[in-house]
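Chemist: Please find one structure pasted underneath; my questions will follow.
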Amino acid sequence: MSEQTLPTTAHAWFLDSRPEGRPTAANFSLREIELPTPGPGQLLVTNEYLSVDPYMRGRMSDKKSYIEPYDVDAPMDGPAIGRVLVSNAEGFAPGDYVVHVLGWRDHAVLDAAGAQKVDPNLAPLTAYLGVLGVTGLTAYIGLERFAKIKEGDTVFVSGAAGAVGSQVGQIAKLKGAGRVIGSAGSDEKVKLLVDEYGYDAAFNYKNGPVAEQLAKAAPDGIDVFFDNVGGEHLEAAIGALRLHARIVLSGMVSQYNDEKVVGPRNLWNLSVTRSDILAFMFSEELDLQPKFVQEVGGWLAEGKLRYTETIREGLDNTLDAFLSMMRGENVGKMIVKL
């Protein structure tokens with residue numbers, strides 16, 4: 001692209017108002033913004049893939065959280081993969097692909113310090129937003145550092161067909177788990193968990209009480225619960241714990257839209273079983289990233305780890321992709337292709 005044809009504007013999604021309950025289209029707008037001229041140490045990129053993730057719902061509220069909320073009447077951001085058009089930074093050249101955090105838009109000017117170069121020849125670009133990105137790293141950290149899988153463990157994963165959950169079950173098995181059980185929101189996803197991801201058992205949480213279905217799938221209890229959902233799932237898991245079990249809190253999607261909180265009402269069972277509830281933030285555990293890339297990259301190359309993506313096309317459809325993902329309509333990682 002010649003200098004004369006470089007973009008001077010971008011289209012970006014704005015948060016117009018903070019959602020009350022479930023977000024709707026009325027809370028957002030797609031607007032045109034001016035692009036600054038890239039300065040020293042900066043890159044101009046054209047985005048090719050955008051990530052939409054559950055944590056973004058929390059940023060749309062102004063409640064205290066582990067990450068700053070989005071500003072109202074301002075562009076949103078999130079993980080993206082872009083191709084460098086202009087580089088004023090050492091180590092980056094036009095044509096390079098980078099992962100960065102100025103998503104929800106088609107072009108961006110960003111500091112090169114906040115970009116990571118990726119190789120499309122080693123893995124598909126979308127993998128760097130999912131299985132080799134934050135979602136895969138979240139699954140890996142939660143299991144490696146906090147669940148500390150032991151040989152023969154029985155592991156229960158909620159939201160098991162999502163971007164994180166679909167990796168958790170597979171990694172747990174590769175780490176020596178004896179039995180892995182997952183919950184999902186449709187019969188099709190349940191079938192996928194068993195047939196594609198190697199789960200030993202799975203159930204549709206909409207088909208009956210979670211505690212009853214978990215008891216059938218794990219009659220002897222569970223050693224690890226990797227929770228992406230919270231609420232009824234968390235209460236059911238606490239009731240199924242074995243001695244010295246570990247609960248790893250990764251997400252609480254059941255509460256992201258200010259729904260009425262359900263459970264847990266049985267916390268005493270943590271004392272009875274001498275079990276732990278563990279929470280983490282992946283950005284505080286990045287010392288594990290080199291090991292993650294080496295180990296997970298190896299499993300991918302060997303065909304031992306599978307992943308699924310749901311792809312929507314067009315910047316105009318980014319909001320629809322996000323809302324669809326929040327309704328659980330995706331399988332694996334939800335990605336927008338521009």
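Labels for the structure tokens follow display order: chains A, B, ..., residues from 1 in each chain, ligands from 1.
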Env of region 304-308 of chain A: 10 Å cut, atoms = only C-alpha atoms, seq-sep filter 5 positions within chain, self excluded. Answer as a PyMOL selection string.
Modeler: chain A and resi 127+130-131+136+161-163+166-167+170-171+174+192+196-198+296-299+330-334
Chemist: Can you list every residue in region 27-200 of chain A that DSSP puts in strand (DSSP E), as a ChimeraX atom specification?
Modeler: /A:28-34,42-51,74-75,80-87,97-100,107-111,116-118,154-157,179-184
Chemist: How would the residues just chosen look if you wrote them out with N, CA and C atoms as a compact mmCIF listing (two decimals), in the first residue's frame?
Modeler:
# COMPACT_ATOMS: atom_id res chain seq x y z
N PHE A 28 -24.79 0.57 21.75
CA PHE A 28 -23.57 0.66 20.94
C PHE A 28 -23.82 1.41 19.63
N SER A 29 -22.73 1.87 19.03
CA SER A 29 -22.83 2.44 17.69
C SER A 29 -21.50 2.26 16.98
N LEU A 30 -21.56 2.16 15.66
CA LEU A 30 -20.36 2.05 14.83
C LEU A 30 -20.12 3.43 14.21
N ARG A 31 -18.93 4.00 14.49
CA ARG A 31 -18.66 5.37 14.06
C ARG A 31 -17.33 5.44 13.31
N GLU A 32 -17.18 6.52 12.59
CA GLU A 32 -15.92 6.81 11.92
C GLU A 32 -15.06 7.69 12.82
N ILE A 33 -13.77 7.36 12.94
CA ILE A 33 -12.85 8.13 13.77
C ILE A 33 -11.62 8.50 12.95
N GLU A 34 -10.95 9.54 13.37
CA GLU A 34 -9.71 9.95 12.72
C GLU A 34 -8.56 9.06 13.20
N GLN A 42 5.70 3.57 16.87
CA GLN A 42 4.31 3.19 16.65
C GLN A 42 4.13 2.45 15.33
N LEU A 43 2.98 1.76 15.23
CA LEU A 43 2.60 1.01 14.05
C LEU A 43 1.22 1.44 13.58
N LEU A 44 1.01 1.42 12.28
CA LEU A 44 -0.33 1.50 11.70
C LEU A 44 -0.67 0.11 11.19
N VAL A 45 -1.77 -0.44 11.68
CA VAL A 45 -2.16 -1.79 11.29
C VAL A 45 -3.57 -1.79 10.73
N THR A 46 -3.80 -2.73 9.82
CA THR A 46 -5.15 -3.00 9.36
C THR A 46 -5.57 -4.33 9.97
N ASN A 47 -6.63 -4.31 10.74
CA ASN A 47 -7.05 -5.50 11.46
C ASN A 47 -7.68 -6.51 10.51
N GLU A 48 -7.34 -7.78 10.72
CA GLU A 48 -7.91 -8.85 9.92
C GLU A 48 -8.83 -9.77 10.72
N TYR A 49 -8.56 -9.90 12.03
CA TYR A 49 -9.41 -10.72 12.89
C TYR A 49 -9.59 -10.02 14.24
N LEU A 50 -10.81 -10.08 14.77
CA LEU A 50 -11.12 -9.52 16.08
C LEU A 50 -11.63 -10.61 17.00
N SER A 51 -11.35 -10.47 18.27
CA SER A 51 -11.84 -11.40 19.28
C SER A 51 -12.95 -10.74 20.08
N ALA A 74 -16.92 6.33 23.88
CA ALA A 74 -15.53 6.14 23.46
C ALA A 74 -15.41 4.78 22.77
N PRO A 75 -14.39 4.60 21.91
CA PRO A 75 -14.21 3.31 21.24
C PRO A 75 -13.88 2.21 22.26
N ALA A 80 -6.92 -8.41 18.94
CA ALA A 80 -7.07 -8.40 17.48
C ALA A 80 -5.76 -8.85 16.84
N ILE A 81 -5.88 -9.27 15.59
CA ILE A 81 -4.70 -9.56 14.78
C ILE A 81 -4.73 -8.63 13.58
N GLY A 82 -3.64 -7.89 13.39
CA GLY A 82 -3.58 -6.95 12.29
C GLY A 82 -2.31 -7.12 11.47
N ARG A 83 -2.35 -6.60 10.26
CA ARG A 83 -1.18 -6.60 9.39
C ARG A 83 -0.59 -5.20 9.38
N VAL A 84 0.70 -5.12 9.57
CA VAL A 84 1.38 -3.83 9.67
C VAL A 84 1.42 -3.15 8.30
N LEU A 85 0.92 -1.91 8.26
CA LEU A 85 1.00 -1.10 7.05
C LEU A 85 2.18 -0.13 7.11
N VAL A 86 2.40 0.47 8.28
CA VAL A 86 3.51 1.40 8.49
C VAL A 86 4.18 1.05 9.81
N SER A 87 5.50 1.00 9.82
CA SER A 87 6.24 0.74 11.05
C SER A 87 7.26 1.85 11.29
N TYR A 97 2.53 -9.61 10.78
CA TYR A 97 1.26 -9.78 11.50
C TYR A 97 1.52 -9.65 13.00
N VAL A 98 0.63 -8.92 13.67
CA VAL A 98 0.81 -8.68 15.11
C VAL A 98 -0.50 -8.91 15.85
N VAL A 99 -0.38 -9.40 17.07
CA VAL A 99 -1.49 -9.44 18.01
C VAL A 99 -1.41 -8.18 18.87
N HIS A 100 -2.53 -7.54 19.05
CA HIS A 100 -2.56 -6.31 19.86
C HIS A 100 -3.94 -6.19 20.50
N HIS A 107 -8.96 -0.37 11.58
CA HIS A 107 -7.57 0.09 11.52
C HIS A 107 -7.20 0.68 12.87
N ALA A 108 -5.90 0.68 13.18
CA ALA A 108 -5.46 1.21 14.47
C ALA A 108 -4.02 1.70 14.37
N VAL A 109 -3.73 2.74 15.13
CA VAL A 109 -2.36 3.19 15.36
C VAL A 109 -2.04 2.86 16.80
N LEU A 110 -0.94 2.13 17.03
CA LEU A 110 -0.65 1.64 18.37
C LEU A 110 0.84 1.64 18.62
N ASP A 111 1.20 1.64 19.91
CA ASP A 111 2.60 1.53 20.30
C ASP A 111 3.09 0.12 20.03
N GLN A 116 2.62 -7.94 19.60
CA GLN A 116 3.45 -9.15 19.56
C GLN A 116 3.39 -9.72 18.16
N LYS A 117 4.55 -9.87 17.55
CA LYS A 117 4.60 -10.41 16.19
C LYS A 117 4.28 -11.91 16.21
N VAL A 118 3.48 -12.37 15.23
CA VAL A 118 3.12 -13.79 15.14
C VAL A 118 3.43 -14.28 13.74
N THR A 154 -10.46 -36.88 38.71
CA THR A 154 -11.72 -36.66 38.01
C THR A 154 -11.95 -35.15 37.95
N VAL A 155 -12.13 -34.64 36.74
CA VAL A 155 -12.21 -33.20 36.49
C VAL A 155 -13.56 -32.86 35.89
N PHE A 156 -14.22 -31.84 36.44
CA PHE A 156 -15.49 -31.34 35.91
C PHE A 156 -15.27 -29.93 35.39
N VAL A 157 -15.74 -29.66 34.17
CA VAL A 157 -15.56 -28.36 33.52
C VAL A 157 -16.93 -27.81 33.15
N ARG A 179 -10.57 -38.99 34.42
CA ARG A 179 -11.92 -38.84 33.89
C ARG A 179 -12.24 -37.36 33.81
N VAL A 180 -12.75 -36.93 32.67
CA VAL A 180 -13.09 -35.52 32.46
C VAL A 180 -14.55 -35.43 32.05
N ILE A 181 -15.29 -34.56 32.74
CA ILE A 181 -16.73 -34.39 32.53
C ILE A 181 -16.99 -32.93 32.20
N GLY A 182 -17.88 -32.70 31.23
CA GLY A 182 -18.18 -31.32 30.86
C GLY A 182 -19.67 -31.06 30.81
N SER A 183 -20.03 -29.79 31.02
CA SER A 183 -21.42 -29.37 30.81
C SER A 183 -21.45 -28.36 29.68
N ALA A 184 -22.55 -28.36 28.94
CA ALA A 184 -22.73 -27.42 27.84
C ALA A 184 -24.22 -27.14 27.70
Chemist: Can you pull out the residues contacting Val168 (chain A)? Cut-off 8 Å, using only C-alpha atoms, and skip same-chain residues under 5 positions away; I want them as a list of chain:residue names.
Modeler: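 Here the answer would be A:Ala139, A:Tyr140, A:Leu143, A:Val157, A:Ala160, A:Phe226.
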Chemist: Applying 9 Å and only C-alpha atoms, which residues near Pro19 (chain A) remain after dropping the ones on its own chain fewer than 3 positions away? List them as an MDAnalysis selection string.
Modeler: chainID A and resid 22:24 26:27 57 60:61 257
Chemist: Just the residues within 12 Å of Asp276 (chain A), please, counting only C-alpha atoms, with nothing from its chain fewer than 5 positions along; format it as a ChimeraX atom specification.
Modeler: /A:146-148,223-226,238,241-249,267-271
Chemist: Any chance you could export the current selection's N, CA and C atoms as a PDB file, in the first residue's frame?
Modeler:
ATOM      1  N   PHE A 146      -2.780 -23.947  39.255  1.00  0.00           N
ATOM      2  CA  PHE A 146      -3.771 -23.888  40.327  1.00  0.00           C
ATOM      3  C   PHE A 146      -4.477 -25.218  40.566  1.00  0.00           C
ATOM      4  N   ALA A 147      -4.976 -25.859  39.536  1.00  0.00           N
ATOM      5  CA  ALA A 147      -5.604 -27.169  39.747  1.00  0.00           C
ATOM      6  C   ALA A 147      -4.570 -28.229  40.081  1.00  0.00           C
ATOM      7  N   LYS A 148      -3.377 -28.089  39.506  1.00  0.00           N
ATOM      8  CA  LYS A 148      -2.287 -29.044  39.750  1.00  0.00           C
ATOM      9  C   LYS A 148      -2.781 -30.479  39.590  1.00  0.00           C
ATOM     10  N   ASP A 223     -12.395 -34.313  41.760  1.00  0.00           N
ATOM     11  CA  ASP A 223     -11.177 -33.792  42.387  1.00  0.00           C
ATOM     12  C   ASP A 223     -10.897 -32.346  41.981  1.00  0.00           C
ATOM     13  N   VAL A 224     -11.328 -31.992  40.775  1.00  0.00           N
ATOM     14  CA  VAL A 224     -11.086 -30.646  40.263  1.00  0.00           C
ATOM     15  C   VAL A 224     -12.342 -30.143  39.581  1.00  0.00           C
ATOM     16  N   PHE A 225     -12.700 -28.884  39.865  1.00  0.00           N
ATOM     17  CA  PHE A 225     -13.767 -28.212  39.129  1.00  0.00           C
ATOM     18  C   PHE A 225     -13.196 -26.953  38.505  1.00  0.00           C
ATOM     19  N   PHE A 226     -13.228 -26.876  37.188  1.00  0.00           N
ATOM     20  CA  PHE A 226     -12.782 -25.686  36.459  1.00  0.00           C
ATOM     21  C   PHE A 226     -14.038 -24.950  36.034  1.00  0.00           C
ATOM     22  N   ILE A 238     -19.454 -28.020  44.356  1.00  0.00           N
ATOM     23  CA  ILE A 238     -19.084 -28.048  45.784  1.00  0.00           C
ATOM     24  C   ILE A 238     -19.696 -29.264  46.461  1.00  0.00           C
ATOM     25  N   LEU A 241     -17.522 -32.601  45.770  1.00  0.00           N
ATOM     26  CA  LEU A 241     -16.083 -32.612  45.997  1.00  0.00           C
ATOM     27  C   LEU A 241     -15.614 -33.836  46.779  1.00  0.00           C
ATOM     28  N   ARG A 242     -14.462 -34.345  46.378  1.00  0.00           N
ATOM     29  CA  ARG A 242     -13.756 -35.337  47.173  1.00  0.00           C
ATOM     30  C   ARG A 242     -12.833 -34.622  48.159  1.00  0.00           C
ATOM     31  N   LEU A 243     -12.142 -35.386  48.989  1.00  0.00           N
ATOM     32  CA  LEU A 243     -11.186 -34.793  49.922  1.00  0.00           C
ATOM     33  C   LEU A 243     -10.078 -34.055  49.155  1.00  0.00           C
ATOM     34  N   HIS A 244      -9.719 -32.879  49.651  1.00  0.00           N
ATOM     35  CA  HIS A 244      -8.613 -32.086  49.112  1.00  0.00           C
ATOM     36  C   HIS A 244      -8.794 -31.767  47.630  1.00  0.00           C
ATOM     37  N   ALA A 245     -10.028 -31.465  47.256  1.00  0.00           N
ATOM     38  CA  ALA A 245     -10.325 -31.094  45.875  1.00  0.00           C
ATOM     39  C   ALA A 245      -9.958 -29.624  45.639  1.00  0.00           C
ATOM     40  N   ARG A 246      -9.899 -29.265  44.373  1.00  0.00           N
ATOM     41  CA  ARG A 246      -9.547 -27.894  43.990  1.00  0.00           C
ATOM     42  C   ARG A 246     -10.594 -27.349  43.040  1.00  0.00           C
ATOM     43  N   ILE A 247     -11.099 -26.146  43.369  1.00  0.00           N
ATOM     44  CA  ILE A 247     -12.005 -25.418  42.482  1.00  0.00           C
ATOM     45  C   ILE A 247     -11.228 -24.241  41.902  1.00  0.00           C
ATOM     46  N   VAL A 248     -11.174 -24.153  40.590  1.00  0.00           N
ATOM     47  CA  VAL A 248     -10.483 -23.057  39.910  1.00  0.00           C
ATOM     48  C   VAL A 248     -11.537 -22.162  39.265  1.00  0.00           C
ATOM     49  N   LEU A 249     -11.590 -20.909  39.690  1.00  0.00           N
ATOM     50  CA  LEU A 249     -12.566 -19.962  39.163  1.00  0.00           C
ATOM     51  C   LEU A 249     -11.966 -19.239  37.958  1.00  0.00           C
ATOM     52  N   LEU A 267     -21.323 -23.963  51.094  1.00  0.00           N
ATOM     53  CA  LEU A 267     -19.892 -23.698  51.264  1.00  0.00           C
ATOM     54  C   LEU A 267     -19.273 -24.522  52.385  1.00  0.00           C
ATOM     55  N   TRP A 268     -20.081 -24.950  53.349  1.00  0.00           N
ATOM     56  CA  TRP A 268     -19.546 -25.743  54.453  1.00  0.00           C
ATOM     57  C   TRP A 268     -18.852 -27.002  53.945  1.00  0.00           C
ATOM     58  N   ASN A 269     -19.279 -27.498  52.775  1.00  0.00           N
ATOM     59  CA  ASN A 269     -18.654 -28.719  52.252  1.00  0.00           C
ATOM     60  C   ASN A 269     -17.185 -28.507  51.902  1.00  0.00           C
ATOM     61  N   LEU A 270     -16.770 -27.244  51.724  1.00  0.00           N
ATOM     62  CA  LEU A 270     -15.355 -26.970  51.541  1.00  0.00           C
ATOM     63  C   LEU A 270     -14.565 -27.351  52.785  1.00  0.00           C
ATOM     64  N   SER A 271     -15.136 -27.080  53.949  1.00  0.00           N
ATOM     65  CA  SER A 271     -14.480 -27.463  55.203  1.00  0.00           C
ATOM     66  C   SER A 271     -14.515 -28.970  55.402  1.00  0.00           C
TER      67      SER A 271
END
Chemist: Could you pull the residues within 8 Å of Leu315 (chain A), counting only C-alpha atoms, minus those fewer than 2 positions along the same chain, as a list in words?
Modeler: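 Close residues of Leu315 (chain A): Trp104, Arg105, Asp106, Glu313, Asn317, Thr318, Val336, Lys337 and Leu338 of chain A.
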Chemist: Region 118-232 of chain A: which residues are helix (DSSP H, G or I) by DSSP, as a PyMOL selection string?
Modeler: chain A and resi 125-129+134-147+165-174+187-195+205-207+210-217+232
Chemist: For Ala237 (chain A), which of A:Gly251, A:Gly142, A:Pro124, A:Gly221 is the closest residue, counting only C-alpha atoms?
Modeler: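 Of all the options, A:Gly221 lies closest to Ala237 (chain A).
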Chemist: Just to confirm, what's the straight-line distance from CA of Asp71 (chain A) to CA of Ala321 (chain A) in Å (one decimal)?
Modeler: 20.8 Å
Chemist: Residues near Val72 (chain A), anyone? I mean within 8 Å using only C-alpha atoms, not counting same-chain ones fewer than 2 positions away, as an MDAnalysis selection string.
Modeler: chainID A and resid 14:18 70 74
